[in-house]
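What follows is one structure encoded as structure tokens, with my remarks underneath.
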Amino acid sequence: MLNPSEILNATILIVDDQKTNVMLLEHVLSKAGYTNVSSTMNPLEVCDLHRVHQYDLILLDLQMPEMDGFQVMEGLKEIDAEGYFPVLVITAQPNHKLRALQCGAKDFISKPFDLIEVQTRIHNMLEVRLLYQQLNHHNELLEQIVLQRTEQLRASEARFKSFTELMSDWYWEQDAEGNFTTVSGPVFEMLGIDSKNKSNSSAENWNSVERAALQSNIESRRPFLDFVYAIKKPNGELRHLQVSGEPMFDSTSRFIGYRGVGVEITGHPGSDLEKRHYWRAMNAINIGVCLINPDRMQVIEVNDEMCRLSGFSRSELNAFSVAELNIGSLDYLTSTFNALIGSFSVYQIKIELRRKDGSTQPALVDFRTFNDEGKWIIVATFNANSLMH
């Protein structure tokens, strides 16, 4: 919508070779409140003036010496070739009106002047002209925003592609029926899938328990993280793989498939596989587990129950300092951890665990230590169940 002041501040040029007509129109416009009105009695100046000032409205007399209004309009059309042609013609000849409109004029004022008609037609033309400019500006902004968003999307896709390539051996997407739709890396080779068929590999190549566990996640539309399983190669050799995936939904919340990443861990040391099984077990218990680096007083890993108790995601908790858990002052925890290191004892306290929603969760916390290849780790277990009545 336009503010009335925008119309009254519009730039207007009066073009007429008769001084009395110019003065009359200037008086009418000034009395109506228009503030940016200029005039010329020389039609040869009009195009140059418009090129500089880009008038919102030109009141143009058709019958002038040296250069008539029709010739002026031809010159103006070269300047406003693709824009809204802001010309309101002034004529005493009825047969000139149709020709003027065919030449591009948007409206006309008849001589002798009807002052009410003059004011009304000028106001209406300015309103249309300014709305057109407003729409054009809005479209330019939208186009600029679309270009920016497109560039951001391309950059985001490039970062995502680079990240997935660095963090995994392959990236995959499946439709709602389980058929692969997008892959990057040796997905089919790793899974023993016929690349022409592009469906799941034969069940006989899977460990039945592991396959059932993965299928349960998929059927329940649950995400899965670092799922480890084995697939038998044609020569009978086992291939150990680890995948993470998440369900995809469209704008109507309809399930449309899964996407995720995978790595082969066949050649990894057995201790790494044991750690993965260990954490799968930790995620299955109903006690929160939090590993802490006592040198940096920083959280380094948590299990699923710890996320549930606190309301924070794993990535959020893994960015926490110990103090942010609200389990004690930094000095208190530092002295407690120093006393525990090397003693193999257990220290228990009752705390109010900080939650993401601003509330707190009462819990008993046991602190233990273990040595991981020369580095001491604090194991904090959070038991909220023991405080429930």
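Here, A, B, ... name the chains of the structure tokens in the order displayed, residue numbers run from 1 inside each chain, and ligands are numbered from 1 in the same displayed order.
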
- Fewer than 2 positions away in the same chain doesn't count, so skip those; otherwise give me all residues within 12 Å of Glu324 (chain A), counting only C-alpha atoms, as a list in words. Met297, Gln298, Val299, Ser310, Phe312, Glu316, Leu317, Asn318, Ala319, Phe320, Ser321, Val322, Asn326, Ile327, Gly328, Ser329, Leu330, Glu352, Leu353, Arg354, Arg355 and Lys356 of chain A

- Task: For region 116-132 of chain A, list every protein, DNA or RNA residue within 12 Å, evaluated using only C-alpha atoms, and leave out those in the same chain fewer than 2 positions away; present the list as number ranges by chain.
- Result: A: 1-14, 24-34, 54-59, 83-90, 105-114, 134-139

- Enumerate as a PyMOL selection string all residues of region 256-347 of chain A assigned to alpha helix (DSSP H) by DSSP on the backbone, naming them with the chain letters and numbers the document uses. chain A and resi 270-282+304-310+314-317+330-340

- Task: Step one, run DSSP on the backbone; step two, keep only residues of region 26-120 of chain A assigned to strand (DSSP E or B); then write them as a PyMOL selection string.
- Result: chain A and resi 36-40+57-61+87-91+107-110

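Residues in contact with Arg368 (chain A) at up to 6 Å, not including ones fewer than 6 positions away on its chain and judged by only C-alpha atoms, are Val346, Ile378 and Val379 of chain A.
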
- Item | Close residues, Trp170 (chain A) itself excluded, 7 Å, only C-alpha atoms, min 4 positions apart in chain, as a VMD selection string | chain A and resid 165 184 to 187 261 to 263

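Here CA of Leu325 (chain A) and CA of Ala339 (chain A) stand 20.3 Å from one another.
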